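Asker: model39.cif (mmCIF, C-alpha atoms) pasted underneath:
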data_query
loop_
_atom_site.label_atom_id
_atom_site.label_comp_id
_atom_site.auth_asym_id
_atom_site.auth_seq_id
_atom_site.Cartn_x
_atom_site.Cartn_y
_atom_site.Cartn_z
CA MET A 144 28.87 -18.69 9.02
CA THR A 145 25.09 -19.12 8.90
CA THR A 146 24.98 -20.17 12.56
CA LEU A 147 27.05 -17.14 13.55
CA SER A 148 24.85 -14.70 11.64
CA SER A 149 21.68 -16.21 13.11
CA GLY A 150 23.19 -15.88 16.57
CA PHE A 151 23.92 -12.21 15.98
CA ALA A 152 20.36 -11.72 14.68
CA ARG A 153 18.88 -13.34 17.79
CA ALA A 154 21.08 -11.23 20.05
CA ARG A 155 20.08 -8.06 18.20
CA ARG A 156 16.39 -8.91 18.48
CA TRP A 157 16.78 -9.62 22.20
CA LEU A 158 18.55 -6.32 22.82
CA ARG A 159 15.91 -4.47 20.80
CA ASP A 160 13.18 -6.05 22.91
CA HIS A 161 15.06 -5.17 26.14
CA PRO A 162 16.22 -1.54 25.73
CA LEU A 163 17.33 -1.15 29.36
CA ALA A 164 19.70 -4.10 29.02
CA PHE A 165 21.06 -2.60 25.81
CA ASP A 166 21.66 0.76 27.49
CA ALA A 167 23.39 -0.93 30.42
CA THR A 168 25.66 -2.79 27.99
CA LEU A 169 26.37 0.46 26.14
CA ALA A 170 27.18 2.23 29.41
CA PHE A 171 29.60 -0.51 30.39
CA GLY A 172 31.33 -0.41 27.01
CA THR A 173 31.60 3.38 27.21
CA LEU A 174 33.18 3.13 30.65
CA VAL A 175 35.74 0.63 29.39
CA ALA A 176 36.54 2.88 26.40
CA MET A 177 36.93 5.96 28.63
CA ILE A 178 39.24 4.13 31.07
CA CYS A 179 41.37 2.81 28.21
CA GLY A 180 41.52 6.29 26.72
CA SER A 181 42.62 7.78 30.04
CA PHE A 182 45.79 5.63 29.90
CA THR A 183 46.67 6.98 26.46
CA ASP A 184 48.89 10.01 25.93
CA PRO A 185 48.19 11.66 22.55
CA GLY A 186 51.70 13.18 22.51
CA ASP A 187 52.62 16.30 20.62
CA GLY A 188 50.90 15.31 17.39
CA HIS A 189 54.11 14.24 15.57
CA GLY A 190 54.00 10.61 16.64
CA PRO A 191 51.54 7.86 17.51
CA PRO A 192 49.73 7.96 20.86
CA ALA A 193 51.50 6.11 23.67
CA PHE A 194 49.40 3.70 25.74
CA GLY A 195 50.32 3.49 29.44
CA ALA A 196 52.23 6.74 29.42
CA ARG A 197 49.91 8.17 32.07
CA THR A 198 47.57 6.95 34.81
CA PRO A 199 44.14 8.46 35.52
CA GLU A 200 43.42 10.05 38.87
CA LEU A 201 40.91 8.40 41.19
CA PHE A 202 38.64 11.42 40.88
CA SER A 203 38.67 11.07 37.09
CA VAL A 204 37.73 7.39 37.37
CA PHE A 205 34.85 8.39 39.65
CA LEU A 206 33.61 10.97 37.11
CA MET A 207 33.88 8.45 34.28
CA ALA A 208 31.88 5.84 36.22
CA LEU A 209 29.25 8.38 37.17
CA SER A 210 28.81 9.64 33.62
CA ALA A 211 28.70 6.08 32.24
CA ALA A 212 26.05 5.10 34.81
CA ALA A 213 23.91 8.06 33.72
CA LEU A 214 23.72 6.59 30.19
CA VAL A 215 21.52 3.76 31.48
CA LEU A 216 18.66 6.27 31.67
CA ARG A 217 19.36 7.97 28.32
CA ARG A 218 16.08 6.80 26.70
CA ARG A 219 13.84 7.70 29.62
CA ARG A 220 15.34 11.12 30.45
CA PRO A 221 17.56 12.20 27.54
CA MET A 222 17.79 15.89 28.45
CA GLN A 223 18.67 15.22 32.08
CA VAL A 224 21.30 12.65 31.11
CA LEU A 225 22.87 15.12 28.65
CA ALA A 226 22.97 17.82 31.30
CA VAL A 227 24.62 15.48 33.85
CA THR A 228 27.22 14.11 31.44
CA ALA A 229 28.05 17.58 30.06
CA ALA A 230 28.47 18.94 33.60
CA LEU A 231 30.76 16.03 34.56
CA ALA A 232 32.86 16.55 31.41
CA ALA A 233 33.14 20.28 32.14
CA VAL A 234 34.26 19.52 35.74
CA GLU A 235 36.89 17.17 34.34
CA TYR A 236 38.22 19.87 32.02
CA VAL A 237 38.28 22.45 34.83
CA LEU A 238 39.87 20.35 37.59
CA MET A 239 42.05 17.74 35.90
CA ASP A 240 45.09 18.17 33.67
CA PRO A 241 45.39 16.29 31.43
CA PRO A 242 41.67 15.54 31.44
CA ALA A 243 40.23 12.04 31.12
CA PRO A 244 37.85 11.42 28.16
CA VAL A 245 34.67 11.87 30.21
CA VAL A 246 33.28 13.73 27.19
CA MET A 247 32.67 10.37 25.45
CA SER A 248 29.52 9.83 27.51
CA THR A 249 28.40 13.36 26.59
CA VAL A 250 28.75 12.50 22.88
CA ILE A 251 26.43 9.51 23.31
CA ALA A 252 23.93 11.52 25.36
CA LEU A 253 23.87 14.30 22.73
CA TYR A 254 23.25 11.73 19.99
CA THR A 255 20.29 10.39 21.98
CA VAL A 256 18.78 13.85 22.42
CA ALA A 257 19.18 14.71 18.73
CA SER A 258 17.58 11.43 17.66
CA ARG A 259 14.55 11.81 19.94
CA THR A 260 13.62 15.50 19.69
CA ASP A 261 12.72 17.88 16.90
CA ARG A 262 15.41 19.47 14.76
CA PRO A 263 15.34 23.01 16.24
CA THR A 264 15.67 21.65 19.79
CA ALA A 265 18.41 19.24 18.76
CA TRP A 266 20.50 21.95 17.14
CA ARG A 267 20.01 24.46 19.92
CA VAL A 268 21.06 21.94 22.56
CA GLY A 269 23.86 20.64 20.33
CA LEU A 270 25.39 24.07 19.73
CA LEU A 271 25.19 24.90 23.42
CA THR A 272 26.92 21.64 24.37
CA MET A 273 29.56 21.97 21.66
CA GLY A 274 30.37 25.58 22.54
CA GLY A 275 30.41 25.04 26.30
CA LEU A 276 32.68 21.97 26.31
CA THR A 277 35.02 23.36 23.64
CA ALA A 278 35.36 26.63 25.56
CA ALA A 279 36.07 24.74 28.79
CA ALA A 280 38.75 22.66 27.07
CA MET A 281 40.39 25.75 25.49
CA VAL A 282 40.28 27.94 28.60
CA PHE A 283 41.21 25.49 31.37
CA GLY A 284 43.48 23.09 29.48
CA SER A 285 47.28 23.28 29.60
CA THR A 286 47.56 22.85 25.85
CA PRO A 287 47.20 25.80 23.44
CA TRP A 288 43.66 26.71 22.58
CA TYR A 289 44.20 25.63 18.97
CA SER A 290 45.41 22.14 19.85
CA GLN A 291 43.84 19.14 18.15
CA GLU A 292 42.39 17.82 21.42
CA ASN A 293 40.28 20.97 21.81
CA PHE A 294 39.02 20.89 18.24
CA GLY A 295 38.43 17.15 18.63
CA VAL A 296 35.87 17.94 21.35
CA PHE A 297 34.09 20.31 18.96
CA ALA A 298 34.17 17.79 16.09
CA TRP A 299 32.92 14.78 18.10
CA THR A 300 30.05 16.62 19.75
CA GLY A 301 29.00 18.16 16.41
CA LEU A 302 29.17 14.75 14.74
CA ALA A 303 26.97 13.28 17.48
CA GLY A 304 24.30 15.96 16.96
CA ALA A 305 24.33 15.54 13.17
CA ALA A 306 24.17 11.75 13.39
CA GLY A 307 21.26 11.88 15.84
CA ASP A 308 19.35 14.29 13.61
CA ALA A 309 19.93 12.05 10.58
CA VAL A 310 18.69 8.99 12.46
CA ARG A 311 15.61 10.88 13.63
CA SER A 312 14.85 12.00 10.05
CA ARG A 313 15.23 8.48 8.68
CA ARG A 314 13.06 7.05 11.45
CA ALA A 315 10.36 9.62 10.70
CA PHE A 316 10.61 8.84 6.97
CA VAL A 317 10.25 5.09 7.58
CA ASP A 318 7.32 5.67 9.94
CA ALA A 319 5.62 7.87 7.35
CA ILE A 320 6.05 5.21 4.65
CA ARG A 321 4.71 2.53 6.99
CA GLU A 322 1.75 4.72 7.96
CA ARG A 323 0.95 5.43 4.31
CA ALA A 324 1.16 1.72 3.51
CA GLU A 325 -1.17 0.85 6.38
CA ARG A 326 -3.58 3.62 5.36
CA ALA A 327 -3.51 2.41 1.76
CA GLU A 328 -4.20 -1.12 2.95
CA ARG A 329 -7.13 0.07 5.04
CA THR A 330 -8.41 2.09 2.09
CA ARG A 331 -8.19 -0.93 -0.19
CA GLU A 332 -10.07 -3.05 2.32
CA GLU A 333 -12.76 -0.40 2.74
CA GLU A 334 -13.03 -0.01 -1.04
CA ALA A 335 -13.32 -3.77 -1.43
CA ARG A 336 -16.04 -3.91 1.21
CA ARG A 337 -17.87 -1.02 -0.46
CA ARG A 338 -17.72 -2.70 -3.86
CA VAL A 339 -18.93 -5.98 -2.37
CA ALA A 340 -21.84 -4.18 -0.69
CA GLU A 341 -22.76 -2.39 -3.92
CA GLU A 342 -22.59 -5.63 -5.89
CA ARG A 343 -24.73 -7.42 -3.32
CA LEU A 344 -27.29 -4.62 -3.53
CA ARG A 345 -27.31 -4.76 -7.33
CA ILE A 346 -27.75 -8.55 -7.34
CA ALA A 347 -30.50 -8.24 -4.71
CA ARG A 348 -32.32 -5.73 -6.93
CA ASP A 349 -32.04 -8.04 -9.95
CA LEU A 350 -33.30 -11.03 -8.00
CA HIS A 351 -36.17 -9.04 -6.56
CA ASP A 352 -37.21 -7.70 -9.95
CA VAL A 353 -37.16 -11.16 -11.52
CA VAL A 354 -38.81 -13.07 -8.70
CA ALA A 355 -41.38 -10.43 -7.74
CA HIS A 356 -42.75 -10.12 -11.27
CA HIS A 357 -43.06 -13.79 -12.10
CA ILE A 358 -44.18 -14.99 -8.69
CA ALA A 359 -46.83 -12.27 -8.62
CA LEU A 360 -48.13 -13.52 -11.98
CA VAL A 361 -48.04 -17.12 -10.79
CA ASN A 362 -49.96 -16.07 -7.68
CA VAL A 363 -52.62 -14.27 -9.73
CA GLN A 364 -53.05 -17.04 -12.29
CA ALA A 365 -53.14 -19.73 -9.61
CA GLY A 366 -55.84 -17.75 -7.83
CA VAL A 367 -57.79 -17.50 -11.08
CA ALA A 368 -57.46 -21.25 -11.64
CA ALA A 369 -58.67 -22.05 -8.12
CA HIS A 370 -61.55 -19.61 -8.50
CA VAL A 371 -62.92 -21.01 -11.77
CA MET A 372 -61.80 -24.65 -11.48
CA ASP A 373 -65.28 -26.05 -10.87
CA LYS A 374 -67.36 -23.75 -13.09
CA ARG A 375 -65.02 -23.02 -16.05
CA PRO A 376 -62.36 -25.74 -16.35
CA ASP A 377 -61.17 -24.47 -19.76
CA GLN A 378 -60.32 -21.07 -18.28
CA ALA A 379 -58.64 -22.78 -15.32
CA LYS A 380 -56.55 -24.83 -17.74
CA GLU A 381 -55.50 -21.67 -19.58
CA ALA A 382 -54.56 -20.01 -16.27
CA LEU A 383 -52.44 -23.02 -15.30
CA ALA A 384 -50.69 -22.82 -18.66
CA HIS A 385 -49.82 -19.21 -17.88
CA VAL A 386 -48.54 -20.36 -14.48
CA ARG A 387 -46.28 -22.85 -16.22
CA ASP A 388 -44.97 -20.23 -18.66
CA ALA A 389 -44.36 -17.67 -15.91
CA SER A 390 -42.53 -20.17 -13.73
CA ARG A 391 -40.36 -21.26 -16.68
CA SER A 392 -39.51 -17.63 -17.44
CA ALA A 393 -38.68 -17.04 -13.77
CA LEU A 394 -36.34 -20.04 -13.73
CA ASN A 395 -34.62 -18.91 -16.92
CA GLU A 396 -34.05 -15.36 -15.64
CA LEU A 397 -32.88 -16.66 -12.28
CA ARG A 398 -30.42 -18.93 -14.07
CA VAL A 399 -29.03 -15.96 -15.99
CA THR A 400 -28.80 -13.76 -12.88
CA VAL A 401 -27.18 -16.42 -10.71
CA GLY A 402 -24.87 -17.29 -13.59
CA LEU A 403 -23.32 -13.84 -13.22
CA LEU A 404 -21.94 -15.02 -9.86
CA ARG A 405 -19.97 -17.87 -11.40
CA GLN A 406 -16.22 -17.82 -11.01
CA GLN A 407 -13.91 -17.95 -13.99
CA GLY A 408 -13.58 -21.52 -15.21
CA ASP A 409 -17.00 -22.65 -13.97
CA PRO A 410 -18.84 -24.68 -16.59
CA GLU A 411 -21.85 -23.59 -18.53
CA ALA A 412 -21.59 -19.80 -18.35
CA PRO A 413 -24.84 -17.94 -19.09
CA THR A 414 -25.46 -17.27 -22.75
CA GLU A 415 -28.92 -15.72 -22.66
CA PRO A 416 -29.01 -11.92 -22.92
CA ALA A 417 -30.26 -9.82 -20.05
CA PRO A 418 -33.78 -8.48 -20.66
CA GLY A 419 -34.25 -5.06 -22.19
CA LEU A 420 -36.73 -2.89 -24.05
CA ALA A 421 -36.37 -5.07 -27.13
CA VAL A 422 -38.35 -7.78 -25.32
CA LEU A 423 -40.81 -5.37 -23.75
CA GLY A 424 -43.59 -6.89 -25.88
CA GLU A 425 -43.12 -10.28 -24.26
CA LEU A 426 -43.24 -8.69 -20.81
CA VAL A 427 -46.45 -6.83 -21.65
CA ASP A 428 -48.03 -10.03 -23.04
CA THR A 429 -47.57 -11.75 -19.68
CA PHE A 430 -49.60 -9.03 -18.00
CA ARG A 431 -52.25 -9.07 -20.72
CA ASN A 432 -52.58 -12.82 -20.28
CA ALA A 433 -53.05 -12.17 -16.55
CA GLY A 434 -56.01 -9.88 -17.32
CA LEU A 435 -54.35 -6.46 -17.23
CA PRO A 436 -54.87 -4.36 -20.39
CA VAL A 437 -51.63 -2.54 -21.20
CA GLU A 438 -50.97 0.02 -23.92
CA VAL A 439 -47.36 0.66 -24.91
CA ALA A 440 -45.92 3.65 -26.75
CA CYS A 441 -42.22 3.71 -27.67
CA ALA A 442 -40.27 5.75 -30.18
CA GLU A 443 -39.67 4.00 -33.50
CA GLY A 444 -36.07 3.46 -34.60
CA GLY A 445 -34.61 4.90 -31.43
CA GLU A 446 -30.89 5.02 -30.83
CA ARG A 447 -29.49 2.00 -29.02
CA LEU A 448 -29.32 2.51 -25.26
CA PRO A 449 -26.43 1.47 -23.01
CA ALA A 450 -26.96 -1.96 -21.50
CA ALA A 451 -27.32 -0.70 -17.91
CA VAL A 452 -29.88 1.96 -18.92
CA ASP A 453 -31.78 -0.49 -21.09
CA LEU A 454 -32.01 -3.03 -18.26
CA ALA A 455 -33.02 -0.35 -15.72
CA ALA A 456 -35.85 0.88 -17.94
CA TYR A 457 -37.09 -2.68 -18.41
CA ARG A 458 -36.99 -3.38 -14.66
CA VAL A 459 -38.83 -0.17 -13.81
CA ILE A 460 -41.64 -1.08 -16.21
CA GLN A 461 -41.72 -4.64 -14.93
CA GLU A 462 -41.97 -3.60 -11.27
CA ALA A 463 -44.52 -0.85 -11.96
CA LEU A 464 -46.80 -3.20 -13.92
CA THR A 465 -46.45 -5.83 -11.21
CA ASN A 466 -47.67 -3.30 -8.66
CA VAL A 467 -50.56 -2.34 -10.93
CA ARG A 468 -51.64 -5.98 -11.32
CA LYS A 469 -51.39 -6.63 -7.58
CA HIS A 470 -52.90 -3.46 -6.15
CA ALA A 471 -54.91 -1.54 -8.74
CA GLY A 472 -57.99 -3.78 -8.59
CA THR A 473 -60.21 -5.32 -11.24
CA GLY A 474 -60.91 -3.24 -14.33
CA ALA A 475 -57.65 -1.30 -14.12
CA ARG A 476 -55.75 -0.38 -17.27
CA ALA A 477 -52.11 0.59 -17.64
CA GLU A 478 -50.20 2.76 -20.08
CA VAL A 479 -46.46 2.50 -20.68
CA SER A 480 -44.40 5.05 -22.57
CA VAL A 481 -40.67 5.20 -23.31
CA VAL A 482 -39.56 8.50 -24.83
CA ARG A 483 -36.09 9.77 -25.69
CA VAL A 484 -35.77 13.42 -24.57
CA GLY A 485 -32.38 14.90 -25.38
CA ALA A 486 -29.72 13.08 -23.38
CA THR A 487 -32.27 11.24 -21.23
CA VAL A 488 -34.86 8.51 -21.56
CA GLU A 489 -38.17 9.02 -19.77
CA VAL A 490 -40.12 5.95 -18.71
CA THR A 491 -43.72 6.48 -17.55
CA VAL A 492 -46.21 3.91 -16.27
CA LEU A 493 -49.78 5.11 -15.59
CA ASP A 494 -52.85 3.26 -14.35
CA ASN A 495 -56.43 4.15 -13.47
CA GLY A 496 -56.76 1.60 -10.69
CA ARG A 497 -58.70 2.01 -7.49
CA GLY A 498 -56.73 -0.23 -5.16
CA SER A 499 -57.54 -0.35 -1.45
CA ALA A 500 -56.00 2.31 0.82
CA GLY A 501 -52.47 1.58 1.81
CA ARG A 502 -52.06 -1.31 -0.61
CA ARG A 503 -49.53 0.55 -2.75
CA PRO A 504 -46.40 -0.41 -0.85
CA GLY A 505 -44.76 2.53 0.82
CA ILE A 506 -46.80 5.12 -1.12
CA GLY A 507 -50.26 5.80 0.27
CA PRO A 508 -53.98 5.38 -0.43
CA GLY A 509 -55.35 4.63 -3.87
CA GLY A 510 -59.13 4.28 -3.60
CA GLY A 511 -61.78 1.67 -2.83
CA PRO A 512 -61.47 -2.06 -2.16
CA GLU A 513 -60.95 -4.79 -4.74
CA PRO A 514 -64.12 -6.44 -6.03
CA ALA A 515 -65.17 -9.59 -4.30
CA ASP A 516 -65.66 -11.63 -7.50
CA GLY A 517 -62.01 -11.58 -8.47
CA PRO A 518 -59.36 -14.13 -7.43
CA PRO A 519 -58.22 -13.76 -3.87
CA ASP A 520 -55.05 -11.78 -3.24
CA ASP A 521 -53.33 -13.15 -0.17
CA GLY A 522 -50.96 -10.20 0.01
CA ASP A 523 -47.80 -12.27 0.02
CA GLY A 524 -46.19 -10.56 -2.95
CA LEU A 525 -42.51 -9.79 -2.83
CA ASP A 526 -43.09 -6.08 -2.78
CA SER A 527 -45.50 -6.15 0.18
CA GLY A 528 -42.91 -4.39 2.29
CA GLY A 529 -42.27 -1.62 -0.19
CA HIS A 530 -38.96 -3.02 -1.44
CA GLY A 531 -40.07 -2.88 -5.09
CA LEU A 532 -40.33 0.89 -5.25
CA VAL A 533 -37.22 1.25 -3.10
CA GLY A 534 -35.35 -1.04 -5.49
CA MET A 535 -36.56 0.95 -8.50
CA ARG A 536 -35.40 4.20 -6.93
CA GLU A 537 -32.00 2.72 -6.01
CA ARG A 538 -31.51 1.35 -9.50
CA VAL A 539 -32.40 4.66 -11.17
CA THR A 540 -30.35 6.72 -8.72
CA ALA A 541 -27.32 4.49 -9.26
CA LEU A 542 -27.41 5.46 -12.94
CA GLY A 543 -27.61 9.17 -12.10
CA GLY A 544 -31.33 9.46 -12.84
CA ALA A 545 -34.44 10.29 -10.82
CA LEU A 546 -37.68 8.45 -10.07
CA THR A 547 -41.00 9.74 -8.80
CA ALA A 548 -44.01 7.63 -7.83
CA GLY A 549 -47.34 8.68 -6.39
CA PRO A 550 -51.12 8.81 -6.80
CA ARG A 551 -52.60 10.61 -9.80
CA TYR A 552 -55.16 13.37 -9.51
CA GLY A 553 -58.56 11.79 -10.00
CA GLY A 554 -57.42 8.25 -9.21
CA GLY A 555 -54.78 5.85 -10.29
CA PHE A 556 -51.03 5.85 -9.90
CA ARG A 557 -48.04 7.18 -11.80
CA VAL A 558 -44.41 6.01 -11.93
CA HIS A 559 -42.01 8.28 -13.81
CA ALA A 560 -38.28 7.58 -14.24
CA ILE A 561 -35.72 9.80 -15.97
CA LEU A 562 -32.60 7.89 -17.02
CA PRO A 563 -29.50 9.54 -18.52
CA VAL A 564 -28.27 7.88 -21.68
CA GLU A 565 -24.68 8.17 -20.45
CA ALA A 566 -25.23 6.44 -17.11
CA ARG A 567 -22.93 7.08 -14.16
CA THR A 568 -22.66 3.50 -12.99
CA GLY A 569 -19.95 1.10 -12.02
CA GLU A 570 -21.87 -1.93 -13.28
CA PRO A 571 -20.21 -3.73 -16.16
CA GLU A 572 -21.74 -3.79 -19.59
CA ARG A 573 -23.57 -7.04 -20.18
CA PRO A 574 -22.74 -8.60 -23.52
CA GLY A 575 -25.64 -9.44 -25.70
CA THR A 576 -28.10 -7.17 -23.96
CA ALA A 577 -30.68 -5.77 -26.32
CA GLY A 578 -30.56 -2.03 -26.18
CA GLY A 579 -32.94 -0.70 -28.81
CA THR A 580 -36.16 1.14 -28.18
CA GLY A 581 -37.72 0.51 -31.54
CA LEU A 582 -41.03 -0.95 -30.39
CA ARG A 583 -44.59 0.17 -30.86
CA ARG A 584 -47.54 -1.88 -29.73
#
Would you write the structure of this file as structure tokens?
Answerer:
Amino acid sequence: MTTLSSGFARARRWLRDHPLAFDATLAFGTLVAMICGSFTDPGDGHGPPAFGARTPELFSVFLMALSAAALVLRRRRPMQVLAVTAALAAVEYVLMDPPAPVVMSTVIALYTVASRTDRPTAWRVGLLTMGGLTAAAMVFGSTPWYSQENFGVFAWTGLAGAAGDAVRSRRAFVDAIRERAERAERTREEEARRRVAEERLRIARDLHDVVAHHIALVNVQAGVAAHVMDKRPDQAKEALAHVRDASRSALNELRVTVGLLRQQGDPEAPTEPAPGLAVLGELVDTFRNAGLPVEVACAEGGERLPAAVDLAAYRVIQEALTNVRKHAGTGARAEVSVVRVGATVEVTVLDNGRGSAGRRPGIGPGGGPEPADGPPDDGDGLDSGGHGLVGMRERVTALGGALTAGPRYGGGFRVHAILPVEARTGEPERPGTAGGTGLRR
């Protein structure tokens, strides 16, 4: 039984892949059915049909062969095939008595037209074919107009039109479902790619913020150590200690950030909290140790911020102070303020630096050159291409906020970020992130 069913399945697939061969087979079967039907006498309706009671005329056999041959082209030219078969059936009804069942080929042709055209066209053509052939059978036949053979013509042609319309509707329904499924699959793939791109951008921002800050401090302190190594070894030793602390902090933050990429089941998941305003004092101390005076003003006892907003505020301050230390020049001072204003948090970083023109990445001139007695700045900081300010703006915009950065009137630079407390972000909440703003230095 399994072998037989698989054989039928293979034959069906082959015929579906070779439609012309299928139509030729259908035409041959229709011809055989019409010839067998032409030998059958339906009788008077009170008894069973008698096979062999009559013999078809040669002209009728010719019409049946011609109409069956036309069915081979039913897919390519459905309307023309219907017209030819209907005309041959009408000729049979007009000239032959009793007529041979040439109308069988017309039924198949009408089904093909109804299944391959729109509904209005199918029904217009179907009604015309039904009415024309039924009228020919009633008018030119020897039987009474109300005989079952005449109404049989009407019923079979109407059934062919209805069946073709139903098949066309089902085919359109299946195609629509398939198209929706393909579109949904494409949409899912595009959404997945978009989410991956957004996540890559977020991770890139985190890595940049972590690495740029600490490597900039390491660069400054190493320059200080090299500058004073021979004359003031104690100060060089202190600078190298700051280098060690900054590199350790960078490694720890990198471990936390990269740990977010671990898959479920990977060992040693990160347990350290992401930085926030609660550890702003430690961040500021690193800059003070690097020689940048920083004053901080934050609201006491502020309401706890969402993790994403808290982290964004911390990163904005970190990147802004890094730019001040790198580009503002010797003698610069910085001021940091975090203020809750209604449903937003405003973060402002000001400095009075006089960095060399064009050194603020992507912003514009800031004043005179750096003094020659300071440690050399080789300009290889991570934000030398302007990605720091771009990253800050992307991070703030992703939360639904706004960031402005530019020179101050009279000298210096200003970075101002407005962050909504209810952030519009798709980033997940990070457990253990400190979110308070209760700090005053």
Asker: Rank A:Ala486, A:Leu360, A:Val564, A:Val224 by their smallest atom-to-atom distance to Leu435 (chain A), using all atoms listed in the file, and report the top residue only.
Answerer: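 Of A:Ala486, A:Leu360, A:Val564, A:Val224, the one nearest Leu435 (chain A) is A:Leu360, counting all atoms listed in the file.
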Asker: Which residues, written as a tab-separated table (two decimals) with C-alpha atoms, in the frame of the given file, have at least one atom at most 12 Å from region 145-162 of chain A, with all atoms listed in the file counted and residues fewer than 5 positions away on the same chain left out?
Answerer:
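Just written: around_25.tsv:
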chain	number	residue	atom	x	y	z
A	167	ALA	CA	23.39	-0.93	30.42
A	168	THR	CA	25.66	-2.79	27.99
A	169	LEU	CA	26.37	0.46	26.14
A	214	LEU	CA	23.72	6.59	30.19
A	215	VAL	CA	21.52	3.76	31.48
A	216	LEU	CA	18.66	6.27	31.67
A	217	ARG	CA	19.36	7.97	28.32
A	218	ARG	CA	16.08	6.80	26.70
A	219	ARG	CA	13.84	7.70	29.62
Asker: What gap, in Å, lies between CA of Glu200 (chain A) and CA of Gln291 (chain A)?
Answerer: 22.6 Å
Asker: Quick check, in Å to one decimal: how far apart do CA of Leu448 (chain A) and CA of Arg337 (chain A) lie?
Answerer: 27.5 Å
Asker: I need the residue set behind the PyMOL selection byres ((chain A and resi 344) around 12) for this file; please write it as a ChimeraX atom specification.
Answerer: /A:337-343,345-351,530,533-535,537-538,541,570
Asker: Give me, please, the distance in Å between CA of Ala315 (chain A) and CA of Ala213 (chain A), quoted to one decimal.
Answerer: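 CA of Ala213 (chain A) lies 26.8 Å from CA of Ala315 (chain A).
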Asker: For Val363 (chain A), list every protein, DNA or RNA residue within 9 Å, evaluated using only C-alpha atoms, and leave out those in the same chain fewer than 2 positions away; present the list as a list of chain:residue names.
Answerer: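 Counting only C-alpha atoms, the residues come to A:Ile358, A:Ala359, A:Leu360, A:Val361, A:Ala365, A:Gly366, A:Val367, A:Ala368, A:Ala382, A:Val386, A:Ala433, A:Arg468, A:Lys469, A:Pro518, A:Pro519, A:Asp520.
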Asker: Of the candidates A:Gly549, A:Pro418, A:Pro563, A:Pro449, which shows the shortest atom-to-atom distance to Val490 (chain A), using only C-alpha atoms?
Answerer: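 For Val490 (chain A), the nearest of the candidates is A:Pro563.
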